[in-house]
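Next up, work22.pdb (PDB, C-alpha atoms):
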ATOM      1  CA  MET A   1       4.872 -19.513   9.941
ATOM      2  CA  LYS A   2       4.301 -18.545   6.339
ATOM      3  CA  LEU A   3       2.790 -15.220   5.279
ATOM      4  CA  LEU A   4       1.493 -14.791   1.737
ATOM      5  CA  LEU A   5       1.819 -11.309   0.231
ATOM      6  CA  ALA A   6      -1.195 -11.074  -2.070
ATOM      7  CA  THR A   7       0.141  -8.633  -4.640
ATOM      8  CA  ARG A   8       1.822  -8.851  -8.028
ATOM      9  CA  ASN A   9       3.255  -5.334  -7.710
ATOM     10  CA  ARG A  10       7.009  -5.961  -7.490
ATOM     11  CA  ASN A  11       7.743  -2.594  -5.867
ATOM     12  CA  LYS A  12       5.216  -3.197  -3.093
ATOM     13  CA  VAL A  13       6.593  -6.697  -2.532
ATOM     14  CA  ILE A  14      10.111  -5.314  -2.091
ATOM     15  CA  GLU A  15       8.942  -2.700   0.432
ATOM     16  CA  MET A  16       6.974  -5.233   2.466
ATOM     17  CA  GLN A  17       9.703  -7.884   2.297
ATOM     18  CA  GLN A  18      12.254  -5.464   3.690
ATOM     19  CA  ALA A  19       9.961  -4.443   6.544
ATOM     20  CA  LEU A  20       9.176  -8.086   7.439
ATOM     21  CA  GLU A  21      12.829  -9.174   7.602
ATOM     22  CA  GLY A  22      13.711 -10.517  11.009
ATOM     23  CA  THR A  23      10.096 -10.921  12.151
ATOM     24  CA  GLY A  24      10.216 -14.711  11.971
ATOM     25  CA  TRP A  25       7.601 -14.921   9.229
ATOM     26  CA  GLN A  26       8.472 -16.751   6.021
ATOM     27  CA  VAL A  27       7.272 -14.555   3.174
ATOM     28  CA  VAL A  28       5.549 -16.260   0.243
ATOM     29  CA  MET A  29       4.882 -14.498  -3.055
ATOM     30  CA  LEU A  30       1.566 -14.660  -4.889
ATOM     31  CA  SER A  31       3.478 -15.996  -7.894
ATOM     32  CA  ASP A  32       4.376 -19.043  -5.768
ATOM     33  CA  VAL A  33       0.706 -19.965  -5.282
ATOM     34  CA  LYS A  34      -0.661 -22.209  -8.016
ATOM     35  CA  GLY A  35      -4.074 -21.159  -9.237
ATOM     36  CA  ALA A  36      -4.064 -17.726  -7.594
ATOM     37  CA  PRO A  37      -6.677 -15.741  -9.566
ATOM     38  CA  GLU A  38      -6.454 -12.208 -10.869
ATOM     39  CA  VAL A  39      -8.635  -9.936  -8.736
ATOM     40  CA  LYS A  40     -10.500  -6.977 -10.195
ATOM     41  CA  GLU A  41     -10.018  -4.010  -7.872
ATOM     42  CA  ASP A  42     -13.472  -2.508  -8.263
ATOM     43  CA  GLY A  43     -14.237  -1.740  -4.613
ATOM     44  CA  ALA A  44     -15.444   1.693  -3.529
ATOM     45  CA  THR A  45     -12.826   1.919  -0.760
ATOM     46  CA  PHE A  46      -9.249   0.851  -0.101
ATOM     47  CA  GLU A  47     -10.497  -1.581   2.541
ATOM     48  CA  GLU A  48     -12.914  -3.260   0.137
ATOM     49  CA  ASN A  49     -10.158  -3.827  -2.408
ATOM     50  CA  ALA A  50      -7.647  -5.057   0.176
ATOM     51  CA  LEU A  51     -10.139  -7.515   1.647
ATOM     52  CA  LYS A  52     -11.144  -8.751  -1.784
ATOM     53  CA  LYS A  53      -7.541  -9.541  -2.673
ATOM     54  CA  ALA A  54      -6.760 -11.091   0.700
ATOM     55  CA  ARG A  55      -9.858 -13.316   0.705
ATOM     56  CA  SER A  56      -9.193 -14.577  -2.804
ATOM     57  CA  ALA A  57      -5.556 -15.467  -2.093
ATOM     58  CA  ALA A  58      -6.278 -16.953   1.333
ATOM     59  CA  GLN A  59      -8.987 -19.189  -0.065
ATOM     60  CA  VAL A  60      -6.623 -20.689  -2.630
ATOM     61  CA  SER A  61      -3.529 -20.935  -0.406
ATOM     62  CA  GLY A  62      -4.862 -21.688   3.068
ATOM     63  CA  LEU A  63      -2.048 -19.492   4.435
ATOM     64  CA  TRP A  64      -1.882 -16.405   6.595
ATOM     65  CA  THR A  65      -2.414 -13.755   3.928
ATOM     66  CA  LEU A  66      -1.658 -10.040   3.714
ATOM     67  CA  ALA A  67      -3.119  -7.793   1.024
ATOM     68  CA  GLU A  68      -3.167  -4.036   0.699
ATOM     69  CA  ASP A  69      -4.665  -1.253  -1.338
ATOM     70  CA  SER A  70      -3.377   2.272  -1.371
ATOM     71  CA  GLY A  71      -3.594   5.521  -3.243
ATOM     72  CA  LEU A  72      -3.180   9.261  -3.354
ATOM     73  CA  GLU A  73      -5.922  11.652  -2.260
ATOM     74  CA  ILE A  74      -5.621  15.258  -3.436
ATOM     75  CA  ASP A  75      -7.904  17.736  -1.693
ATOM     76  CA  ALA A  76      -8.096  20.158  -4.621
ATOM     77  CA  LEU A  77      -9.372  17.277  -6.771
ATOM     78  CA  GLY A  78     -12.049  16.247  -4.309
ATOM     79  CA  GLY A  79     -10.006  13.321  -3.004
ATOM     80  CA  GLU A  80      -9.058  11.928  -6.403
ATOM     81  CA  PRO A  81      -7.390   9.878  -7.714
ATOM     82  CA  GLY A  82      -8.111   7.872  -4.516
ATOM     83  CA  VAL A  83      -8.987   4.218  -5.114
ATOM     84  CA  ARG A  84      -8.490   4.845  -8.844
ATOM     85  CA  SER A  85      -4.878   5.957  -8.384
ATOM     86  CA  ALA A  86      -3.415   3.183 -10.546
ATOM     87  CA  ARG A  87      -6.063   3.645 -13.256
ATOM     88  CA  TYR A  88      -6.490   7.416 -13.075
ATOM     89  CA  ALA A  89      -5.041   8.119 -16.512
ATOM     90  CA  GLY A  90      -6.428   4.933 -18.049
ATOM     91  CA  GLU A  91      -5.487   1.269 -18.164
ATOM     92  CA  GLY A  92      -1.937   0.271 -18.999
ATOM     93  CA  VAL A  93      -0.415   3.749 -18.721
ATOM     94  CA  THR A  94       2.940   4.576 -17.154
ATOM     95  CA  ASP A  95       3.619   6.299 -13.848
ATOM     96  CA  GLY A  96       4.824   9.283 -15.834
ATOM     97  CA  GLU A  97       1.507   9.587 -17.659
ATOM     98  CA  ARG A  98      -0.423   9.442 -14.379
ATOM     99  CA  ILE A  99       1.797  12.132 -12.917
ATOM    100  CA  ARG A 100       1.404  14.378 -15.948
ATOM    101  CA  LYS A 101      -2.383  14.135 -15.691
ATOM    102  CA  VAL A 102      -2.366  15.088 -11.999
ATOM    103  CA  LEU A 103       0.042  17.995 -12.485
ATOM    104  CA  GLY A 104      -1.987  19.217 -15.450
ATOM    105  CA  GLN A 105      -5.098  19.406 -13.284
ATOM    106  CA  LEU A 106      -3.247  21.390 -10.611
ATOM    107  CA  VAL A 107      -1.521  23.975 -12.803
ATOM    108  CA  SER A 108      -3.466  26.919 -11.368
ATOM    109  CA  VAL A 109      -3.660  25.604  -7.784
ATOM    110  CA  ARG A 110      -1.598  27.541  -5.209
ATOM    111  CA  ASP A 111       0.810  25.891  -2.760
ATOM    112  CA  GLU A 112      -1.500  26.167   0.235
ATOM    113  CA  GLN A 113      -4.240  24.381  -1.676
ATOM    114  CA  ARG A 114      -2.098  21.481  -2.915
ATOM    115  CA  THR A 115      -2.595  19.415   0.246
ATOM    116  CA  ALA A 116      -2.774  15.661  -0.219
ATOM    117  CA  ARG A 117      -2.191  12.368   1.518
ATOM    118  CA  PHE A 118      -1.228   8.832   0.737
ATOM    119  CA  ARG A 119      -3.495   6.224   2.358
ATOM    120  CA  CYS A 120      -2.886   2.513   2.711
ATOM    121  CA  VAL A 121      -5.153  -0.189   4.100
ATOM    122  CA  MET A 122      -3.660  -3.595   4.834
ATOM    123  CA  CYS A 123      -5.813  -6.606   5.640
ATOM    124  CA  VAL A 124      -4.615  -9.838   7.217
ATOM    125  CA  ILE A 125      -6.586 -13.077   7.022
ATOM    126  CA  ASP A 126      -5.646 -16.091   9.156
ATOM    127  CA  PRO A 127      -6.141 -19.723   8.062
ATOM    128  CA  ALA A 128      -9.333 -19.915  10.128
ATOM    129  CA  GLY A 129     -10.839 -16.976   8.218
ATOM    130  CA  GLY A 130     -10.355 -14.265  10.823
ATOM    131  CA  GLU A 131      -9.880 -10.790   9.331
ATOM    132  CA  ARG A 132      -8.044  -7.719  10.618
ATOM    133  CA  CYS A 133      -7.469  -4.441   8.755
ATOM    134  CA  PHE A 134      -5.030  -1.635   9.512
ATOM    135  CA  GLU A 135      -4.682   1.839   7.999
ATOM    136  CA  GLY A 136      -1.679   4.101   7.533
ATOM    137  CA  ARG A 137      -1.641   7.701   6.310
ATOM    138  CA  CYS A 138       1.037  10.153   5.260
ATOM    139  CA  GLU A 139       0.017  13.797   4.925
ATOM    140  CA  GLY A 140       1.781  16.150   2.557
ATOM    141  CA  ARG A 141       1.393  18.235  -0.580
ATOM    142  CA  ILE A 142       1.798  17.953  -4.333
ATOM    143  CA  ALA A 143       4.891  19.484  -5.904
ATOM    144  CA  HIS A 144       4.660  21.692  -8.998
ATOM    145  CA  ASN A 145       7.115  19.492 -10.864
ATOM    146  CA  ALA A 146       8.205  15.871 -10.625
ATOM    147  CA  GLY A 147      11.534  15.268  -8.941
ATOM    148  CA  GLY A 148      13.710  12.329  -7.931
ATOM    149  CA  SER A 149      14.367   8.854  -9.268
ATOM    150  CA  SER A 150      13.647   6.657  -6.257
ATOM    151  CA  GLY A 151      10.254   5.162  -5.473
ATOM    152  CA  PHE A 152       7.373   4.511  -7.831
ATOM    153  CA  GLY A 153       3.845   5.669  -8.602
ATOM    154  CA  TYR A 154       3.229   9.250  -7.524
ATOM    155  CA  ASP A 155       6.368   9.421  -5.340
ATOM    156  CA  PRO A 156       8.081  12.024  -7.608
ATOM    157  CA  VAL A 157       5.347  14.614  -6.927
ATOM    158  CA  PHE A 158       4.447  13.935  -3.288
ATOM    159  CA  ILE A 159       6.215  15.998  -0.616
ATOM    160  CA  PRO A 160       5.560  14.480   2.839
ATOM    161  CA  GLU A 161       4.747  16.777   5.747
ATOM    162  CA  GLY A 162       7.881  18.088   7.461
ATOM    163  CA  HIS A 163      10.029  17.758   4.351
ATOM    164  CA  GLU A 164      10.868  19.870   1.292
ATOM    165  CA  LYS A 165      11.716  17.016  -1.054
ATOM    166  CA  THR A 166       9.503  14.426  -2.726
ATOM    167  CA  PHE A 167       9.435  10.770  -1.705
ATOM    168  CA  ALA A 168      11.400  10.013  -4.867
ATOM    169  CA  GLU A 169      14.093  12.491  -3.799
ATOM    170  CA  LEU A 170      14.182  11.410  -0.156
ATOM    171  CA  GLY A 171      14.771   7.793  -1.102
ATOM    172  CA  PHE A 172      13.673   4.434   0.259
ATOM    173  CA  ALA A 173      15.416   4.806   3.624
ATOM    174  CA  VAL A 174      13.280   7.801   4.594
ATOM    175  CA  LYS A 175      10.131   6.597   2.879
ATOM    176  CA  GLY A 176      10.458   3.269   4.639
ATOM    177  CA  LYS A 177      10.016   5.013   7.978
ATOM    178  CA  ILE A 178       7.305   7.604   7.326
ATOM    179  CA  SER A 179       5.186   6.406   4.398
ATOM    180  CA  HIS A 180       1.557   5.355   4.568
ATOM    181  CA  ARG A 181       2.584   1.788   3.756
ATOM    182  CA  ALA A 182       5.277   1.761   6.443
ATOM    183  CA  ARG A 183       2.799   2.978   9.052
ATOM    184  CA  ALA A 184       0.174   0.401   8.125
ATOM    185  CA  LEU A 185       2.761  -2.362   7.947
ATOM    186  CA  GLN A 186       4.113  -1.546  11.402
ATOM    187  CA  GLN A 187       0.636  -2.156  12.804
ATOM    188  CA  VAL A 188       0.514  -5.450  10.903
ATOM    189  CA  ILE A 189       3.926  -6.460  12.280
ATOM    190  CA  ASP A 190       2.817  -5.641  15.832
ATOM    191  CA  TYR A 191      -0.296  -7.785  15.325
ATOM    192  CA  LEU A 192       1.642 -10.686  13.795
ATOM    193  CA  GLY A 193       4.134 -10.491  16.649
ATOM    194  CA  LYS A 194       1.329 -11.019  19.126
ATOM    195  CA  VAL A 195       0.054 -13.931  17.044
ATOM    196  CA  GLN A 196       3.486 -15.582  17.207
ATOM    197  CA  GLY A 197       3.493 -15.215  20.976
ATOM    198  CA  LEU A 198       0.229 -17.107  21.414
ATOM    199  CA  ARG A 199       0.103 -20.859  21.867
ATOM    200  CA  PRO A 200      -1.691 -22.876  19.124
ATOM    201  CA  ALA A 201      -4.371 -23.802  21.665
ATOM    202  CA  ASP A 202      -5.261 -20.179  22.370
ATOM    203  CA  PRO A 203      -8.699 -19.064  21.122
ATOM    204  CA  GLY A 204      -8.717 -17.774  17.565
ATOM    205  CA  ILE A 205      -5.259 -19.026  16.683
ATOM    206  CA  THR A 206      -4.635 -22.031  14.450
TER
END
Before we go any further, please render this structure as structure tokens.
Amino acid sequence: MKLLLATRNRNKVIEMQQALEGTGWQVVMLSDVKGAPEVKEDGATFEENALKKARSAAQVSGLWTLAEDSGLEIDALGGEPGVRSARYAGEGVTDGERIRKVLGQLVSVRDEQRTARFRCVMCVIDPAGGERCFEGRCEGRIAHNAGGSSGFGYDPVFIPEGHEKTFAELGFAVKGKISHRARALQQVIDYLGKVQGLRPADPGIT
């Protein structure tokens, strides 16, 4: 069966593709779907944005569709940047500019108060319109300085719980096991595995 990844973020596509290898699902990119619209991520929550993207892509493609929304929540900033993580420093800025803004706001914040988490919500829509959402979290803290060259987004300043290096320093192999996206995606894979095991005549499966 085909599974459409409803994102144009190349880094996210790579992470999800790698995790879905060997699952029996044929991954389809959003760029492969003619007429797939741009979706404005203006929801108040990660789930709202993920569902909005998934519904839009599923409606056009008619395929099993997976969409996600994720972001960084920093306790000392009242949970920001949160759903505005990609737009926190303005539209069209670089990851480096976003990181500099966050670090600038935390200059006087002590280590014990730099707690944060990455959150990811993934939503799957089947061809019949059924919807399921899954959430993954990764607790940690914000470093005082950016470090590492792997990863993307805020990875160079996020130190996951149980580690002393940032995601960007730990690399994709470690991140792929413990990240918010990895944890949400594992739930998705478990769900899709059950779907594959059901006969087409079973209720709710088309």
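Evaluated on this file, the PyMOL selection byres ((chain A and resi 144-157) around 6) matches Asp95, Ile142, Ala143, Phe158, Thr166, Phe167, Ala168, Glu169 and Gly171 of chain A.
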Would you export the selected residues with C-alpha atoms as a short mmCIF file (atom, residue, chain, number, x, y, z; two decimals), in the coordinates of the input, please?
data_model
loop_
_atom_site.label_atom_id
_atom_site.label_comp_id
_atom_site.auth_asym_id
_atom_site.auth_seq_id
_atom_site.Cartn_x
_atom_site.Cartn_y
_atom_site.Cartn_z
CA ASP A 95 3.62 6.30 -13.85
CA ILE A 142 1.80 17.95 -4.33
CA ALA A 143 4.89 19.48 -5.90
CA PHE A 158 4.45 13.94 -3.29
CA THR A 166 9.50 14.43 -2.73
CA PHE A 167 9.44 10.77 -1.70
CA ALA A 168 11.40 10.01 -4.87
CA GLU A 169 14.09 12.49 -3.80
CA GLY A 171 14.77 7.79 -1.10
#
Task: Residue nearest Glu139 in chain A among A:Arg87, A:Lys53, A:Lys101, A:Arg183 (counting only C-alpha atoms) - done: A:Arg183
Open item on the list: What's the separation between CA of Val83 in chain A and CA of Gly71 in chain A, in Å to one decimal place?
Closed with: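 Separating CA of Val83 in chain A from CA of Gly71 in chain A is a distance of 5.9 Å.
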Open item on the list: Could you list, as a VMD selection string, every residue within 6 Å of Ala67 in chain A, counting only C-alpha atoms and ignoring same-chain residues fewer than 4 positions away?
Closed with: chain A and resid 6 50 54 122 to 123
Task: Among listed residues A:Cys133, A:Leu103, A:Met29, A:Leu72, nearest Asn9 in chain A (using all atoms listed in the file) - done: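 Of the candidates, the smallest distance to Asn9 in chain A is held by A:Met29.
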Task: Test item: the PyMOL selection byres ((chain A and resi 22-28) around 6) resolved as a list in words - done: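 Listing what the PyMOL selection byres ((chain A and resi 22-28) around 6) selects in the shown file: Met1, Lys2, Leu3, Leu4, Leu20, Glu21 and Met29 of chain A.
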Could you save those same residues with C-alpha atoms as a JSON list (two decimals), in the coordinates of the input?
[["chain", "number", "residue", "atom", "x", "y", "z"],
["A", 1, "MET", "CA", 4.87, -19.51, 9.94],
["A", 2, "LYS", "CA", 4.30, -18.55, 6.34],
["A", 3, "LEU", "CA", 2.79, -15.22, 5.28],
["A", 4, "LEU", "CA", 1.49, -14.79, 1.74],
["A", 20, "LEU", "CA", 9.18, -8.09, 7.44],
["A", 21, "GLU", "CA", 12.83, -9.17, 7.60],
["A", 29, "MET", "CA", 4.88, -14.50, -3.06]]
Open item on the list: Given the point (-15.0, -0.5, -2.1) in the coordinates of this file, which residues lie within 12 Å, counting only C-alpha atoms, and how would they look as a PyMOL selection string?
Closed with: chain A and resi 40-53+69-70+82-84+121
Padded axis-aligned box of range 75-78 of chain A (4 Å per side), centre and edge lengths, Å, one decimal, as JSON:
{"center_x": -10.0, "center_y": 18.2, "center_z": -4.2, "size_x": 12.1, "size_y": 11.9, "size_z": 13.1}
- [ ] For CA of Ala182 in chain A and CA of Gly136 in chain A, quote the distance in Å rounded to one decimal.
- [x]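 Calculated distance between CA of Ala182 in chain A and CA of Gly136 in chain A is 7.4 Å.
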Open item on the list: Here is a test: counting all atoms listed in the file, which residue of A:Met16, A:Arg8, A:Trp64, A:Gly162 is nearest to Gly130 in chain A?
Closed with: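 Checking each of A:Met16, A:Arg8, A:Trp64, A:Gly162 against Gly130 in chain A, counting all atoms listed in the file, the winner is A:Trp64.
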- [ ] Compare A:Thr65, A:Gln196, A:Ser85, A:Ser31 by their minimum atom-to-atom distance to Cys120 in chain A, counting all atoms listed in the file, and give me the closest one.
- [x]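 Among the listed residues, A:Ser85 lies closest to Cys120 in chain A.
You will find CA of Ala19 in chain A at 19.4 Å from CA of Leu63 in chain A.
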Task: Given all atoms listed in the file as the counted atoms, nearest of A:Pro81, A:Asn11, A:Ala76, A:Val124 to Ser108 in chain A - done: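 Of the candidates, the smallest distance to Ser108 in chain A is held by A:Ala76.
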TODO: List the residues matched by the PyMOL selection byres ((chain A and resi 115) around 8) in the displayed structure as a PyMOL selection string, ordered by chain and then by residue number.
DONE: chain A and resi 74-76+111-114+116-117+139-142
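If you measure from each of A:Gln105, A:Gln17, A:Ser179, A:Gln59 to Pro37 in chain A using all atoms listed in the file, the closest one turns out to be A:Gln59.
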